[in-house]
Amino acid sequence: MRISDILAQRQSFSFEIFPPKGDLSVEQAEDIAKELCANQPDWISVTFSAGGSGNSERTADIGRRIERSVGTTALAHLTCLGSSRADVDAYTRRLQSAGIENVLALRGDRAPGREAIDFTYASDLIPYLKDEGFCVGGACYPEGHVECESISQDLDNLKRKVDAGADFLVTQLFFDNEDFYRFRELCDRKRIKVPIVCGIMPFTSVSQLQRMTFNCGASIPAKVVKRLVAAGDDPLAQQRAGIEYACEQVVDLGNNGVDGIHIYSMNRPQIGRATHDALVASGYLSA
Ligand code: FAD
């Protein structure tokens, strides 16, 4: 199903997984998707070589399994930095033969040796994917993209992305919902009118929180630090604190009428279950 059609009908609930790398097999990744589907997500997105992991080969394969054997809508990520038009062409053919209708169009992070070839920004990739018939999403940044000097400049670039044809947006993780509400208001003033789905990532440890916020430039509010201080050195208590905090965040977002909630599950079904149950208890999702 096209995600734009889902978002036209209801507030969405969805998950992100990453494809196999290291010890994780394709079958195990499919099992994780199946477990997440017990929470009836509207779609599951599959990352593409996120964080330079190089595991893009399996994105289309896992997407196909989500569509065909798990029976849920898949959203395949695609980054364009370092890819030629022929590379993108080959990948989109694979997505089409896998029955995938939705693509998240991304530039990708800059890295040595990964220069722009035929596409410089996500907004260059979007018209190409639209012409191929895909429903296309784009990324957005409530606190501004890490490379961009000001939120206002980043919003101008976001408007370009939407004008290029993005059907919906998914946010970078954020820990303070007020940042998102401010951003939503600014988008509205810029006449960015497509649905904006909130991406929420529970923190699972102090080191993971530091790594992910450093990579994407998101800030860590004092209330998160206090939860971690209260959890002390106990890894399980830190993880519990992160999941509890994410549950409170999604319930507040749901109560504030957001277009959708997307959980960065980090391939952990218990994160999917906890956020689902919190949203059922709050009335955002039906039981
Ligand atoms: P763009 O929209 O191209 O923007 C990049 C920068 O360029 C911004 O600072 C923007 O303001 C600026 N800019 C845009 N257009 C112009 C213009 N015309 N002129 C001047 N400046 C411009 N990475 C992965 O590797 N794999 C993944 O699977 C993945 N999934 C993601 C999912 C989500 C929801 C998000 C939020 C991010 C994801 N990322 C992923 C990370 C993403 O690749 C990085 O954040 C990357 O640095 C920017 O990608 P973008 O598509 O937002 O870039």
# chains A, B, ... in the order shown; residues from 1 in each chain; ligands from 1
call {"tool": "residues_near_ligand", "arguments": {"ligand": "ligand 1", "cutoff": "6 Å", "atoms": "only C-alpha atoms and all ligand atoms", "output": "ChimeraX atom specification"}}
result
/A:47-52,77,106-109,121-122,139-140,145,147-148,154,157,170-172
call {"tool": "select_by_dssp", "arguments": {"residues": "region 49-172 of chain A", "states": "alpha helix (DSSP H)", "output": "JSON, numbers by chain"}}
result
{"A": [59, 60, 61, 62, 63, 64, 65, 85, 86, 87, 88, 89, 90, 91, 92, 93, 94, 95, 96, 97, 122, 123, 124, 125, 126, 127, 128, 129, 130, 131, 151, 152, 153, 154, 155, 156, 157, 158, 159, 160, 161, 162, 163]}
call {"tool": "atom_distance", "arguments": {"atom1": "CA of Arg184 (chain A)", "atom2": "CA of Val224 (chain A)"}}
result
22.2 Å
call {"tool": "closest_residue", "arguments": {"among": "A:Arg58, A:Arg2, A:Lys223, A:Lys34", "to": "Pro19 (chain A)", "atoms": "only C-alpha atoms"}}
result
A:Arg58
call {"tool": "closest_residue", "arguments": {"among": "A:Ile32, A:Val251, A:Leu209, A:Cys216", "to": "Leu228 (chain A)", "atoms": "only C-alpha atoms"}}
result
A:Leu209
call {"tool": "closest_residue", "arguments": {"among": "A:Val197, A:Val206, A:Ala74, A:Val280", "to": "Gly257 (chain A)", "atoms": "only C-alpha atoms"}}
result
A:Val197
call {"tool": "closest_residue", "arguments": {"among": "A:Asp277, A:Asp252, A:Glu27, A:Asp179", "to": "Tyr141 (chain A)", "atoms": "only C-alpha atoms"}}
result
A:Asp179
call {"tool": "select_by_dssp", "arguments": {"residues": "region 24-187 of chain A", "states": "strand (DSSP E or B)", "output": "ChimeraX atom specification"}}
result
/A:43-46,73-79,102-106,111,114,135-140,168-171
call {"tool": "closest_residue", "arguments": {"among": "A:Asp23, A:Glu101, A:Asp89, A:Asp176", "to": "Gly63 (chain A)", "atoms": "only C-alpha atoms"}}
result
A:Glu101
call {"tool": "residues_around", "arguments": {"residues": "Phe18 (chain A)", "least_positions_apart": "2", "cutoff": "12 Å", "atoms": "only C-alpha atoms", "output": "tab-separated table (two decimals) with C-alpha atoms, in the first residue's frame"}}
result
chain	number	residue	atom	x	y	z
A	15	PHE	CA	8.85	0.74	12.77
A	16	GLU	CA	12.35	0.93	11.31
A	20	PRO	CA	21.37	-8.08	8.09
A	21	LYS	CA	24.98	-7.33	8.87
A	22	GLY	CA	27.55	-9.23	10.88
A	24	LEU	CA	22.38	-11.43	11.64
A	25	SER	CA	20.99	-13.60	8.82
A	26	VAL	CA	18.22	-12.64	6.38
A	28	GLN	CA	16.60	-13.71	11.49
A	29	ALA	CA	15.85	-10.22	10.16
A	30	GLU	CA	12.59	-11.59	8.71
A	32	ILE	CA	12.33	-9.70	13.76
A	33	ALA	CA	9.98	-8.09	11.22
A	44	ILE	CA	8.17	-1.22	8.37
A	45	SER	CA	11.08	0.74	6.94
A	46	VAL	CA	14.42	-0.84	6.12
A	47	THR	CA	17.61	1.23	6.29
A	48	PHE	CA	20.20	1.43	3.53
A	49	SER	CA	23.81	1.26	4.64
A	50	ALA	CA	23.00	3.46	7.65
A	51	GLY	CA	26.02	4.83	9.51
A	53	SER	CA	27.50	-0.03	7.62
A	54	GLY	CA	27.65	-1.10	3.97
A	55	ASN	CA	24.63	-3.39	4.38
A	56	SER	CA	22.59	-1.90	1.53
A	57	GLU	CA	22.62	-5.11	-0.51
A	58	ARG	CA	19.96	-6.68	1.68
A	59	THR	CA	17.52	-3.73	1.89
A	60	ALA	CA	15.46	-4.80	-1.13
A	61	ASP	CA	15.56	-8.45	-0.05
A	62	ILE	CA	14.22	-7.70	3.45
A	63	GLY	CA	11.68	-5.28	1.96
A	75	LEU	CA	9.42	1.41	3.02
A	76	ALA	CA	12.88	0.95	1.47
A	77	HIS	CA	15.50	3.59	2.25
A	264	TYR	CA	13.53	3.29	15.45
A	265	SER	CA	13.29	-0.23	16.84
A	266	MET	CA	16.99	-1.06	16.44
A	267	ASN	CA	15.80	-4.60	15.61
A	268	ARG	CA	14.53	-5.08	19.19
call {"tool": "residues_around", "arguments": {"residues": "Ile243 (chain A)", "least_positions_apart": "4", "cutoff": "12 Å", "atoms": "only C-alpha atoms", "output": "CSV table (one decimal) with N, CA, C and O atoms, in the first residue's frame"}}
result
chain,number,residue,atom,x,y,z
A,200,ILE,N,11.1,8.3,16.5
A,200,ILE,CA,11.5,8.3,18.0
A,200,ILE,C,12.4,7.1,18.2
A,200,ILE,O,12.1,5.9,17.8
A,201,MET,N,13.6,7.3,18.8
A,201,MET,CA,14.5,6.3,19.1
A,201,MET,C,14.7,6.2,20.7
A,201,MET,O,15.2,7.1,21.2
A,202,PRO,N,14.3,5.1,21.3
A,202,PRO,CA,14.6,5.0,22.7
A,202,PRO,C,16.1,4.9,22.9
A,202,PRO,O,16.8,4.2,22.1
A,203,PHE,N,16.6,5.6,23.9
A,203,PHE,CA,18.1,5.4,24.2
A,203,PHE,C,18.2,4.1,25.0
A,203,PHE,O,17.2,3.7,25.7
A,204,THR,N,19.3,3.4,24.8
A,204,THR,CA,19.4,2.1,25.5
A,204,THR,C,20.6,2.0,26.5
A,204,THR,O,20.8,1.1,27.3
A,205,SER,N,21.5,3.0,26.3
A,205,SER,CA,22.7,3.1,27.2
A,205,SER,C,23.3,4.5,27.1
A,205,SER,O,23.0,5.2,26.1
A,224,VAL,N,16.5,13.8,30.2
A,224,VAL,CA,17.0,12.5,29.8
A,224,VAL,C,18.3,12.2,30.7
A,224,VAL,O,18.4,11.0,31.2
A,227,ARG,N,17.3,10.9,34.0
A,227,ARG,CA,16.8,9.5,34.0
A,227,ARG,C,18.0,8.5,34.0
A,227,ARG,O,18.0,7.5,34.7
A,228,LEU,N,19.0,8.9,33.2
A,228,LEU,CA,20.2,8.0,33.2
A,228,LEU,C,21.0,8.0,34.5
A,228,LEU,O,21.5,7.0,34.9
A,236,LEU,N,20.7,-2.7,32.4
A,236,LEU,CA,19.2,-3.0,32.2
A,236,LEU,C,18.4,-1.8,32.7
A,236,LEU,O,17.4,-1.5,32.1
A,237,ALA,N,18.8,-1.2,33.8
A,237,ALA,CA,18.0,0.0,34.3
A,237,ALA,C,18.1,1.1,33.3
A,237,ALA,O,17.2,1.8,33.0
A,238,GLN,N,19.3,1.3,32.6
A,238,GLN,CA,19.5,2.3,31.6
A,238,GLN,C,18.5,2.0,30.4
A,238,GLN,O,17.8,2.9,29.9
A,239,GLN,N,18.5,0.8,30.0
A,239,GLN,CA,17.6,0.4,28.9
A,239,GLN,C,16.1,0.6,29.2
A,239,GLN,O,15.4,1.2,28.4
A,247,CYS,N,8.2,5.8,25.6
A,247,CYS,CA,6.8,5.6,25.7
A,247,CYS,C,6.1,6.9,26.1
A,247,CYS,O,5.0,7.3,25.6
A,248,GLU,N,6.7,7.6,27.1
A,248,GLU,CA,6.1,8.9,27.5
A,248,GLU,C,6.1,9.9,26.3
A,248,GLU,O,5.1,10.6,26.1
A,249,GLN,N,7.2,9.9,25.6
A,249,GLN,CA,7.3,10.8,24.4
A,249,GLN,C,6.2,10.5,23.4
A,249,GLN,O,5.5,11.4,22.9
A,250,VAL,N,6.0,9.2,23.0
A,250,VAL,CA,5.0,8.9,21.9
A,250,VAL,C,3.6,9.2,22.4
A,250,VAL,O,2.8,9.6,21.6
A,263,ILE,N,8.9,4.3,15.0
A,263,ILE,CA,9.8,3.9,16.1
A,263,ILE,C,11.1,3.3,15.5
A,263,ILE,O,11.0,2.3,14.7
A,264,TYR,N,12.2,3.9,15.8
A,264,TYR,CA,13.5,3.3,15.5
A,264,TYR,C,13.8,2.1,16.4
A,264,TYR,O,14.2,2.3,17.5
A,265,SER,N,13.4,0.9,15.9
A,265,SER,CA,13.3,-0.2,16.8
A,265,SER,C,14.7,-0.8,17.1
A,265,SER,O,14.8,-1.6,18.1
A,268,ARG,N,14.9,-4.5,17.9
A,268,ARG,CA,14.5,-5.1,19.2
A,268,ARG,C,13.0,-5.1,19.3
A,268,ARG,O,12.4,-4.1,19.6
A,269,PRO,N,12.4,-6.3,19.2
A,269,PRO,CA,11.0,-6.4,19.3
A,269,PRO,C,10.4,-5.9,20.6
A,269,PRO,O,9.2,-5.4,20.6
A,270,GLN,N,11.1,-5.9,21.7
A,270,GLN,CA,10.5,-5.5,23.0
A,270,GLN,C,10.3,-4.0,22.9
A,270,GLN,O,9.4,-3.5,23.6
A,271,ILE,N,11.1,-3.2,22.1
A,271,ILE,CA,10.8,-1.8,21.9
A,271,ILE,C,9.5,-1.6,21.2
A,271,ILE,O,8.7,-0.7,21.5
A,272,GLY,N,9.3,-2.4,20.2
A,272,GLY,CA,8.0,-2.3,19.4
A,272,GLY,C,6.8,-2.6,20.3
A,272,GLY,O,5.9,-1.8,20.3
A,273,ARG,N,7.0,-3.6,21.1
A,273,ARG,CA,5.8,-4.0,22.0
A,273,ARG,C,5.5,-2.9,23.0
A,273,ARG,O,4.4,-2.5,23.2
A,274,ALA,N,6.6,-2.4,23.6
A,274,ALA,CA,6.4,-1.4,24.7
A,274,ALA,C,5.7,-0.1,24.2
A,274,ALA,O,4.8,0.4,24.8
A,275,THR,N,6.2,0.4,23.0
A,275,THR,CA,5.6,1.6,22.5
A,275,THR,C,4.2,1.4,22.0
A,275,THR,O,3.3,2.2,22.1
A,276,HIS,N,4.0,0.2,21.4
A,276,HIS,CA,2.6,-0.2,20.9
A,276,HIS,C,1.7,-0.2,22.1
A,276,HIS,O,0.6,0.4,22.1
A,277,ASP,N,2.1,-0.9,23.2
A,277,ASP,CA,1.2,-1.0,24.4
A,277,ASP,C,0.9,0.4,25.0
A,277,ASP,O,-0.2,0.7,25.4
A,278,ALA,N,1.9,1.3,25.0
A,278,ALA,CA,1.7,2.6,25.6
A,278,ALA,C,0.7,3.4,24.7
A,278,ALA,O,-0.2,4.1,25.2
call {"tool": "closest_residue", "arguments": {"among": "A:Pro235, A:Gly242, A:Gly71, A:Gly165", "to": "Leu36 (chain A)", "atoms": "only C-alpha atoms"}}
result
A:Gly71
call {"tool": "decode", "arguments": {"residues": "region 68-96 of chain A", "atoms": "N, CA and C atoms", "output": "short mmCIF file (atom, residue, chain, number, x, y, z; two decimals), in the first residue's frame"}}
result
data_model
loop_
_atom_site.label_atom_id
_atom_site.label_comp_id
_atom_site.auth_asym_id
_atom_site.auth_seq_id
_atom_site.Cartn_x
_atom_site.Cartn_y
_atom_site.Cartn_z
N ARG A 68 5.94 -9.65 1.12
CA ARG A 68 5.38 -10.93 0.65
C ARG A 68 5.12 -11.92 1.77
N SER A 69 6.12 -12.19 2.64
CA SER A 69 5.83 -13.25 3.63
C SER A 69 5.32 -12.69 4.94
N VAL A 70 5.70 -11.46 5.28
CA VAL A 70 5.16 -10.89 6.54
C VAL A 70 3.80 -10.23 6.26
N GLY A 71 3.59 -9.76 5.03
CA GLY A 71 2.29 -9.20 4.66
C GLY A 71 2.07 -7.77 5.14
N THR A 72 3.14 -7.00 5.25
CA THR A 72 3.04 -5.60 5.70
C THR A 72 3.68 -4.70 4.65
N THR A 73 3.28 -3.46 4.65
CA THR A 73 3.87 -2.49 3.72
C THR A 73 5.33 -2.24 4.10
N ALA A 74 6.20 -2.20 3.08
CA ALA A 74 7.62 -1.91 3.32
C ALA A 74 7.97 -0.53 2.77
N LEU A 75 8.85 0.13 3.49
CA LEU A 75 9.42 1.41 3.02
C LEU A 75 10.92 1.19 2.90
N ALA A 76 11.44 1.19 1.67
CA ALA A 76 12.88 0.95 1.47
C ALA A 76 13.62 2.27 1.47
N HIS A 77 14.67 2.39 2.28
CA HIS A 77 15.50 3.59 2.25
C HIS A 77 16.45 3.50 1.04
N LEU A 78 16.85 4.66 0.56
CA LEU A 78 17.84 4.70 -0.52
C LEU A 78 18.65 5.97 -0.38
N THR A 79 19.98 5.84 -0.29
CA THR A 79 20.84 7.03 -0.27
C THR A 79 21.49 7.18 -1.65
N CYS A 80 21.78 8.44 -2.01
CA CYS A 80 22.26 8.66 -3.39
C CYS A 80 23.70 9.15 -3.49
N LEU A 81 24.30 9.60 -2.38
CA LEU A 81 25.68 10.08 -2.46
C LEU A 81 26.58 8.91 -2.85
N GLY A 82 27.43 9.12 -3.85
CA GLY A 82 28.34 8.05 -4.26
C GLY A 82 27.71 7.09 -5.26
N SER A 83 26.42 7.32 -5.61
CA SER A 83 25.77 6.43 -6.58
C SER A 83 25.56 7.14 -7.91
N SER A 84 25.75 6.41 -8.98
CA SER A 84 25.46 6.96 -10.31
C SER A 84 23.99 6.71 -10.62
N ARG A 85 23.53 7.32 -11.69
CA ARG A 85 22.15 7.09 -12.14
C ARG A 85 21.94 5.60 -12.46
N ALA A 86 22.98 4.96 -13.01
CA ALA A 86 22.87 3.53 -13.36
C ALA A 86 22.72 2.68 -12.08
N ASP A 87 23.46 3.07 -11.01
CA ASP A 87 23.33 2.33 -9.73
C ASP A 87 21.90 2.45 -9.20
N VAL A 88 21.39 3.69 -9.23
CA VAL A 88 20.04 3.94 -8.69
C VAL A 88 19.01 3.20 -9.54
N ASP A 89 19.26 3.20 -10.84
CA ASP A 89 18.37 2.50 -11.77
C ASP A 89 18.31 1.01 -11.43
N ALA A 90 19.47 0.41 -11.20
CA ALA A 90 19.51 -1.03 -10.89
C ALA A 90 18.77 -1.31 -9.59
N TYR A 91 18.96 -0.42 -8.61
CA TYR A 91 18.31 -0.63 -7.30
C TYR A 91 16.79 -0.49 -7.43
N THR A 92 16.35 0.53 -8.17
CA THR A 92 14.90 0.72 -8.28
C THR A 92 14.24 -0.45 -9.03
N ARG A 93 14.98 -1.04 -9.98
CA ARG A 93 14.43 -2.24 -10.67
C ARG A 93 14.22 -3.36 -9.64
N ARG A 94 15.19 -3.49 -8.73
CA ARG A 94 15.06 -4.55 -7.69
C ARG A 94 13.87 -4.27 -6.80
N LEU A 95 13.69 -3.00 -6.44
CA LEU A 95 12.54 -2.67 -5.58
C LEU A 95 11.24 -2.98 -6.29
N GLN A 96 11.20 -2.60 -7.58
CA GLN A 96 9.96 -2.83 -8.33
C GLN A 96 9.66 -4.32 -8.45
#
